[in-house]
Every structure is written in structure tokens, then in C-alpha cells.
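> I am sharing start.cif, which consists of mmCIF, C-alpha atoms and all ligand atoms:
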data_my_file
#
loop_
_atom_site.group_PDB
_atom_site.id
_atom_site.type_symbol
_atom_site.label_atom_id
_atom_site.label_comp_id
_atom_site.auth_asym_id
_atom_site.auth_seq_id
_atom_site.Cartn_x
_atom_site.Cartn_y
_atom_site.Cartn_z
ATOM 1 C CA MET M 1 0.000 0.000 0.000
ATOM 2 C CA LEU M 2 1.249 3.426 -0.945
ATOM 3 C CA ASN M 3 2.026 5.588 2.056
ATOM 4 C CA TRP M 4 2.969 9.166 2.600
ATOM 5 C CA GLN M 5 6.691 8.441 2.802
ATOM 6 C CA SER M 6 6.814 6.195 -0.246
ATOM 7 C CA SER M 7 9.168 6.935 -3.119
ATOM 8 C CA ALA M 8 6.147 7.354 -5.389
ATOM 9 C CA PHE M 9 5.152 10.466 -3.466
ATOM 10 C CA THR M 10 8.692 11.712 -2.936
ATOM 11 C CA LYS M 11 9.362 11.549 -6.657
ATOM 12 C CA VAL M 12 6.294 13.635 -7.448
ATOM 13 C CA LYS M 13 7.942 16.599 -5.755
ATOM 14 C CA GLU M 14 10.373 16.686 -8.657
ATOM 15 C CA PHE M 15 7.586 17.320 -11.170
ATOM 16 C CA THR M 16 5.776 20.254 -9.631
ATOM 17 C CA PHE M 17 6.691 22.499 -12.527
ATOM 18 C CA TYR M 18 4.807 20.267 -14.960
ATOM 19 C CA LEU M 19 1.841 19.732 -12.665
ATOM 20 C CA GLN M 20 1.210 23.447 -12.411
ATOM 21 C CA ARG M 21 0.813 23.816 -16.162
ATOM 22 C CA PHE M 22 -2.639 23.389 -17.709
ATOM 23 C CA SER M 23 -1.064 21.605 -20.680
ATOM 24 C CA PHE M 24 0.155 18.792 -18.428
ATOM 25 C CA ASN M 25 -0.836 15.434 -19.939
ATOM 26 C CA SER M 26 -2.279 13.409 -17.077
ATOM 27 C CA LEU M 27 -2.991 10.464 -19.404
ATOM 28 C CA GLU M 28 0.691 9.577 -19.184
ATOM 29 C CA LEU M 29 0.575 9.115 -15.416
ATOM 30 C CA LYS M 30 -1.293 5.803 -15.459
ATOM 31 C CA GLU M 31 -0.673 4.232 -12.013
ATOM 32 C CA LYS M 32 0.965 7.365 -10.622
ATOM 33 C CA MET M 33 -2.200 9.421 -10.321
ATOM 34 C CA VAL M 34 -2.736 8.905 -6.590
ATOM 35 C CA PRO M 35 0.750 10.190 -5.648
ATOM 36 C CA HIS M 36 0.159 13.189 -7.887
ATOM 37 C CA LEU M 37 -3.197 13.799 -6.199
ATOM 38 C CA LEU M 38 -1.442 13.686 -2.857
ATOM 39 C CA TYR M 39 1.036 16.235 -4.076
ATOM 40 C CA MET M 40 -1.681 18.594 -5.335
ATOM 41 C CA PHE M 41 -3.710 18.180 -2.139
ATOM 42 C CA ASN M 42 -0.671 18.887 0.005
ATOM 43 C CA ASP M 43 0.231 21.887 -2.132
ATOM 44 C CA LEU M 44 -3.260 23.393 -1.838
ATOM 45 C CA PHE M 45 -4.229 22.540 1.716
ATOM 46 C CA GLY M 46 -1.243 21.136 3.565
ATOM 47 C CA VAL M 47 -1.672 17.791 5.230
ATOM 48 C CA ARG M 48 -1.229 18.739 8.876
ATOM 49 C CA ASN M 49 -4.975 18.962 9.407
ATOM 50 C CA PHE M 50 -5.707 15.644 7.717
ATOM 51 C CA ASP M 51 -5.046 12.041 8.589
ATOM 52 C CA LYS M 52 -2.628 11.048 5.841
ATOM 53 C CA ASP M 53 -3.581 7.370 5.743
ATOM 54 C CA SER M 54 -7.274 8.275 5.554
ATOM 55 C CA LEU M 55 -6.497 10.676 2.744
ATOM 56 C CA ILE M 56 -4.669 8.002 0.765
ATOM 57 C CA ARG M 57 -7.483 5.511 1.400
ATOM 58 C CA PHE M 58 -9.993 8.117 0.259
ATOM 59 C CA PHE M 59 -8.201 8.650 -3.061
ATOM 60 C CA PHE M 60 -7.970 4.907 -3.682
ATOM 61 C CA THR M 61 -11.669 4.546 -2.839
ATOM 62 C CA VAL M 62 -12.549 7.273 -5.328
ATOM 63 C CA ARG M 63 -10.452 5.500 -7.974
ATOM 64 C CA LYS M 64 -12.194 2.198 -7.249
ATOM 65 C CA ASN M 65 -15.638 3.797 -7.587
ATOM 66 C CA TYR M 66 -14.999 5.038 -11.104
ATOM 67 C CA ARG M 67 -16.124 2.471 -13.653
ATOM 68 C CA GLY M 68 -14.016 1.128 -16.517
ATOM 69 C CA VAL M 69 -15.905 3.089 -19.186
ATOM 70 C CA PRO M 70 -13.998 4.571 -22.143
ATOM 71 C CA TYR M 71 -14.144 8.251 -21.162
ATOM 72 C CA HIS M 72 -15.891 9.035 -17.870
ATOM 73 C CA ASN M 73 -13.403 6.979 -15.900
ATOM 74 C CA TRP M 74 -10.803 7.583 -13.177
ATOM 75 C CA LYS M 75 -8.488 9.321 -15.682
ATOM 76 C CA HIS M 76 -11.231 11.856 -16.451
ATOM 77 C CA GLY M 77 -11.792 12.456 -12.718
ATOM 78 C CA PHE M 78 -8.085 13.075 -12.282
ATOM 79 C CA CYS M 79 -7.928 15.372 -15.328
ATOM 80 C CA VAL M 80 -10.809 17.520 -14.024
ATOM 81 C CA ALA M 81 -9.239 17.670 -10.549
ATOM 82 C CA HIS M 82 -5.946 18.723 -12.128
ATOM 83 C CA SER M 83 -7.653 21.499 -14.123
ATOM 84 C CA MET M 84 -9.279 22.689 -10.902
ATOM 85 C CA TYR M 85 -5.878 22.619 -9.185
ATOM 86 C CA VAL M 86 -4.417 24.864 -11.895
ATOM 87 C CA ILE M 87 -7.362 27.292 -11.684
ATOM 88 C CA ILE M 88 -7.075 27.493 -7.890
ATOM 89 C CA LYS M 89 -3.322 28.060 -8.107
ATOM 90 C CA GLU M 90 -3.795 30.803 -10.697
ATOM 91 C CA SER M 91 -6.579 32.494 -8.678
ATOM 92 C CA PRO M 92 -5.011 33.065 -5.263
ATOM 93 C CA CYS M 93 -7.534 35.631 -3.995
ATOM 94 C CA VAL M 94 -10.753 34.225 -5.427
ATOM 95 C CA PHE M 95 -11.664 31.260 -3.210
ATOM 96 C CA ASN M 96 -11.440 30.718 0.524
ATOM 97 C CA ASN M 97 -9.991 27.455 1.867
ATOM 98 C CA LEU M 98 -13.331 25.717 2.277
ATOM 99 C CA GLU M 99 -14.333 26.621 -1.274
ATOM 100 C CA LYS M 100 -11.000 25.368 -2.600
ATOM 101 C CA LEU M 101 -11.419 22.079 -0.768
ATOM 102 C CA ALA M 102 -14.988 21.676 -2.030
ATOM 103 C CA LEU M 103 -13.967 22.480 -5.607
ATOM 104 C CA PHE M 104 -10.983 20.138 -5.676
ATOM 105 C CA ILE M 105 -12.741 17.153 -4.074
ATOM 106 C CA GLY M 106 -15.907 17.857 -6.067
ATOM 107 C CA ALA M 107 -13.893 17.887 -9.305
ATOM 108 C CA LEU M 108 -12.210 14.599 -8.443
ATOM 109 C CA CYS M 109 -15.470 12.840 -7.532
ATOM 110 C CA HIS M 110 -17.931 14.414 -9.959
ATOM 111 C CA ASP M 111 -18.350 11.431 -12.343
ATOM 112 C CA MET M 112 -17.896 8.512 -9.939
ATOM 113 C CA ASP M 113 -20.044 5.479 -10.846
ATOM 114 C CA TYR M 114 -20.728 6.939 -14.305
ATOM 115 C CA ARG M 115 -22.060 4.284 -16.672
ATOM 116 C CA VAL M 116 -21.883 4.378 -20.460
ATOM 117 C CA THR M 117 -25.068 6.325 -20.836
ATOM 118 C CA THR M 118 -26.202 9.849 -21.528
ATOM 119 C CA ASN M 119 -29.236 11.285 -19.761
ATOM 120 C CA GLN M 120 -31.484 10.079 -22.606
ATOM 121 C CA PHE M 121 -30.288 6.489 -22.597
ATOM 122 C CA PRO M 122 -32.429 5.174 -19.693
ATOM 123 C CA LEU M 123 -35.514 6.787 -21.264
ATOM 124 C CA GLU M 124 -34.857 5.332 -24.714
ATOM 125 C CA SER M 125 -34.033 1.891 -23.363
ATOM 126 C CA ASP M 126 -36.987 1.713 -20.902
ATOM 127 C CA SER M 127 -34.569 1.192 -18.063
ATOM 128 C CA PRO M 128 -36.133 0.651 -14.617
ATOM 129 C CA LEU M 129 -33.509 3.080 -13.346
ATOM 130 C CA VAL M 130 -35.693 5.862 -14.758
ATOM 131 C CA ASP M 131 -38.123 5.279 -11.894
ATOM 132 C CA LEU M 132 -35.305 5.346 -9.413
ATOM 133 C CA TYR M 133 -33.806 8.572 -10.701
ATOM 134 C CA SER M 134 -36.846 10.156 -12.286
ATOM 135 C CA THR M 135 -36.330 13.592 -10.804
ATOM 136 C CA ASP M 136 -32.697 14.075 -11.667
ATOM 137 C CA SER M 137 -30.052 13.739 -14.350
ATOM 138 C CA TYR M 138 -29.485 9.994 -14.304
ATOM 139 C CA PRO M 139 -25.689 9.605 -14.646
ATOM 140 C CA GLU M 140 -24.920 12.143 -11.970
ATOM 141 C CA SER M 141 -27.867 11.445 -9.716
ATOM 142 C CA HIS M 142 -25.739 9.519 -7.238
ATOM 143 C CA PHE M 143 -23.926 12.691 -6.454
ATOM 144 C CA SER M 144 -26.534 15.366 -6.857
ATOM 145 C CA MET M 145 -26.506 15.981 -3.146
ATOM 146 C CA ILE M 146 -22.720 16.155 -2.971
ATOM 147 C CA VAL M 147 -22.537 18.355 -6.036
ATOM 148 C CA GLN M 148 -25.073 20.768 -4.591
ATOM 149 C CA LEU M 149 -22.877 21.078 -1.538
ATOM 150 C CA LEU M 150 -19.537 21.129 -3.244
ATOM 151 C CA GLN M 151 -19.581 22.643 -6.648
ATOM 152 C CA GLU M 152 -19.100 26.145 -7.806
ATOM 153 C CA GLU M 153 -21.060 25.454 -10.960
ATOM 154 C CA LEU M 154 -19.275 27.477 -13.645
ATOM 155 C CA THR M 155 -15.801 26.598 -12.443
ATOM 156 C CA MET M 156 -16.717 22.926 -12.192
ATOM 157 C CA THR M 157 -18.163 22.849 -15.710
ATOM 158 C CA ALA M 158 -15.125 24.632 -17.107
ATOM 159 C CA CYS M 159 -12.879 21.960 -15.596
ATOM 160 C CA ASP M 160 -15.177 19.142 -16.729
ATOM 161 C CA ILE M 161 -14.736 20.086 -20.382
ATOM 162 C CA SER M 162 -11.187 21.380 -20.030
ATOM 163 C CA ALA M 163 -9.709 18.505 -22.043
ATOM 164 C CA SER M 164 -11.025 20.226 -25.178
ATOM 165 C CA ALA M 165 -8.637 23.121 -24.503
ATOM 166 C CA LYS M 166 -5.557 20.922 -24.025
ATOM 167 C CA PRO M 167 -2.789 20.789 -26.666
ATOM 168 C CA TRP M 168 -3.939 18.998 -29.820
ATOM 169 C CA LYS M 169 -2.203 15.670 -29.185
ATOM 170 C CA ILE M 170 -3.812 15.336 -25.726
ATOM 171 C CA HIS M 171 -7.150 16.670 -26.998
ATOM 172 C CA VAL M 172 -7.311 13.962 -29.670
ATOM 173 C CA GLU M 173 -6.732 11.223 -27.101
ATOM 174 C CA TYR M 174 -9.706 12.437 -25.073
ATOM 175 C CA VAL M 175 -11.898 12.844 -28.171
ATOM 176 C CA ASN M 176 -11.221 9.233 -29.145
ATOM 177 C CA GLU M 177 -12.299 8.086 -25.690
ATOM 178 C CA VAL M 178 -15.494 10.166 -25.828
ATOM 179 C CA MET M 179 -16.358 8.779 -29.271
ATOM 180 C CA GLU M 180 -15.735 5.242 -28.091
ATOM 181 C CA GLU M 181 -18.114 5.845 -25.188
ATOM 182 C CA PHE M 182 -20.840 7.210 -27.500
ATOM 183 C CA TYR M 183 -20.495 4.273 -29.907
ATOM 184 C CA LYS M 184 -20.601 1.844 -27.009
ATOM 185 C CA GLN M 185 -23.867 3.391 -25.867
ATOM 186 C CA LYS M 186 -25.301 3.249 -29.402
ATOM 187 C CA ARG M 187 -24.447 -0.457 -29.684
ATOM 188 C CA GLU M 188 -26.003 -1.135 -26.288
ATOM 189 C CA LEU M 189 -29.185 0.749 -27.223
ATOM 190 C CA GLU M 190 -29.491 -1.203 -30.491
ATOM 191 C CA ARG M 191 -28.969 -4.450 -28.611
ATOM 192 C CA LEU M 192 -31.746 -3.618 -26.153
ATOM 193 C CA GLN M 193 -34.182 -2.373 -28.794
ATOM 194 C CA TYR M 194 -33.747 -4.987 -31.506
ATOM 195 C CA HIS M 195 -32.944 -8.224 -29.681
HETATM 196 ZN ZN ZN Y 201 -17.105 14.830 -16.141
#
Just give me the structure as C-alpha cells.
Ligand SMILES: [Zn+2]


Amino acid sequence: MLNWQSSAFTKVKEFTFYLQRFSFNSLELKEKMVPHLLYMFNDLFGVRNFDKDSLIRFFFTVRKNYRGVPYHNWKHGFCVAHSMYVIIKESPCVFNNLEKLALFIGALCHDMDYRVTTNQFPLESDSPLVDLYSTDSYPESHFSMIVQLLQEELTMTACDISASAKPWKIHVEYVNEVMEEFYKQKRELERLQYH
């Protein structure tokens, strides 16, 4: 288990320059995302007021609760959290500490448990989940309460779609993942409707 003193975290300190740039390509991190999250969290909030082991467990739990879908997966959660980190760093007098904490954690968690469906999919496929989540946007319904508490709406949305403003090479990688997710949904809808 990764811990606060591990070399994975120590090494991250060497890459702060890259982390603080919006153009940073988080797709290359692969298994190193949790140490980088720890670095960003420590940089923004310090860790003296937090139980470090609980913090590490929390990040791993968030990772585990993202599904293995093509786009709205753990990598997307990390990318949005990283964009929020850059915005917070570049806006030193805009947010208070509680707002910063809410924005960063909200960005990291905002698509947890996302399935390969848009809001329309449950309606078009007669999913029983429509009854369960009839009053809210289905994919994000699990977190509507958290989002209401945590998100600063415009900033959160800007981070959520921030991959489209990344350098072209990174942008294309994200676009391919989004397209794969849409096609996967289309195939699933056809399977449910015609078989
Ligand atoms: Zn998202």
C-alpha cells in the first residue's frame, strides 16, 4: 500500500513544474495518479490537518468507484481535478480554503459510478432506473446531493470540459475516448431495442 513516505510520493515533488501547467498530460501518469493527487492536495491545503492514511485511502476509494468506461473513468476524474488545481493556483484571492477544498474534491469525484449512458439512454431503453432517478439527471444522480454542496457550478463545468482546450495531441486522445463511449452506448441501445 502506498504511504505518505513512499518513493512514489517523494518523486512527485520533482515534477511540480509540470503539474502546475494546464497543458500537463495526465494520461501519461497511469498508475501514478494517486501520488500526484497527494502532491496537489498537500500543495493546496497542507496535510497537517488531515489524517494522511485516511487521505490516501480516500483517493484509492474514489479510484475504485470510477467504472471502466472509455471516457468518464478515473483518468477523467483526475484530469478535471488537475484542471481545478491549476485554476485554484492561478486564482489566489478568489476562493477561501473551504471553497477550494470543495472544488478540488468535487472535481475529483464528480463522475464517480458513471455508466456508459447519456441522460437520454435510460428513457430510450426503458430502463427501470428511470423510476429510481426520475427527478434528476441519471448519470450524476448519485452525487446530486454532494454536487449541490460542493460545486461552484461554472468553475466545475469549465474543468469538466477542459480537455477540449488541451494541446492537440492530448485533446485527440480524449476525443477518441469520448467517441468510443458514445459508440458503445449506441451499440447497447441497439442491442436492447432490436434483440
Ligand atoms: Zn465529467

> What do you get, as an NGL selection string, if you spell out every residue that the PyMOL selection byres (((not hetatm)) within 8 of (chain Y and resi 201)) selects here?

:M and (72 or 76-77 or 80 or 110-111 or 160-161)

> Since we have the selection now, will you write its residues out, keeping C-alpha atoms, as an mmCIF file, keeping the file's coordinate frame?


data_model
loop_
_atom_site.group_PDB
_atom_site.id
_atom_site.type_symbol
_atom_site.label_atom_id
_atom_site.label_comp_id
_atom_site.auth_asym_id
_atom_site.auth_seq_id
_atom_site.Cartn_x
_atom_site.Cartn_y
_atom_site.Cartn_z
ATOM 1 C CA HIS M 72 -15.891 9.035 -17.870
ATOM 2 C CA HIS M 76 -11.231 11.856 -16.451
ATOM 3 C CA GLY M 77 -11.792 12.456 -12.718
ATOM 4 C CA VAL M 80 -10.809 17.520 -14.024
ATOM 5 C CA HIS M 110 -17.931 14.414 -9.959
ATOM 6 C CA ASP M 111 -18.350 11.431 -12.343
ATOM 7 C CA ASP M 160 -15.177 19.142 -16.729
ATOM 8 C CA ILE M 161 -14.736 20.086 -20.382
#

> Could you tell me, as a ChimeraX atom specification, exactly which residues end up selected when the PyMOL selection byres (((chain M and resi 42-49) around 8) and not hetatm) is applied to this structure?

/M:38-41,50-52,85,89,97,101

> Pick out the closest residue to Phe24 (chain M) from this set: M:Arg67, M:Arg191, M:His171, M:Lys100. Count all atoms listed in the file.

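With all atoms listed in the file as the atom set, the closest residue is M:His171.
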
> Using only C-alpha atoms, pick whichever of M:Phe182, M:Phe58, M:Phe78, M:Tyr66 has the shortest atom-to-atom distance to Glu28 (chain M).

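Once distances to Glu28 (chain M) are computed over only C-alpha atoms, the minimum belongs to M:Phe78.
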
> Enter the distance from CA of Met112 (chain M) to CA of Leu55 (chain M), in Å, rounded to one decimal.

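That distance, rounded to one decimal, is 17.2 Å.
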
> Give the answer as one residue: which of M:Val172, M:Ala165, M:Cys79, M:Val178 has the shortest atom-to-atom distance to Asn25 (chain M), using all atoms listed in the file?

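Closest to Asn25 (chain M), using all atoms listed in the file: M:Cys79.
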
> Check the smallest atom-to-atom distance from each of M:Phe22, M:Phe60, M:Tyr71, M:Tyr194 to Ile87 (chain M) using all atoms listed in the file, then report the winner.

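Looking only at the distances to Ile87 (chain M), the closest residue turns out to be M:Phe22.
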
> Quick one: axis-aligned box around all listed atoms of region 53-72 of chain M, 8 Å on every side, centre and edge lengths in Å to one decimal, written as AutoDock Vina command-line options.


--center_x -9.9 --center_y 5.9 --center_z -8.2 --size_x 28.5 --size_y 25.5 --size_z 43.9

> Taking into account only C-alpha atoms, which residue in the set M:Cys109, M:Val86, M:Leu98, M:Leu189 is nearest to Tyr18 (chain M)?

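Selected residue with least distance to Tyr18 (chain M): M:Val86.
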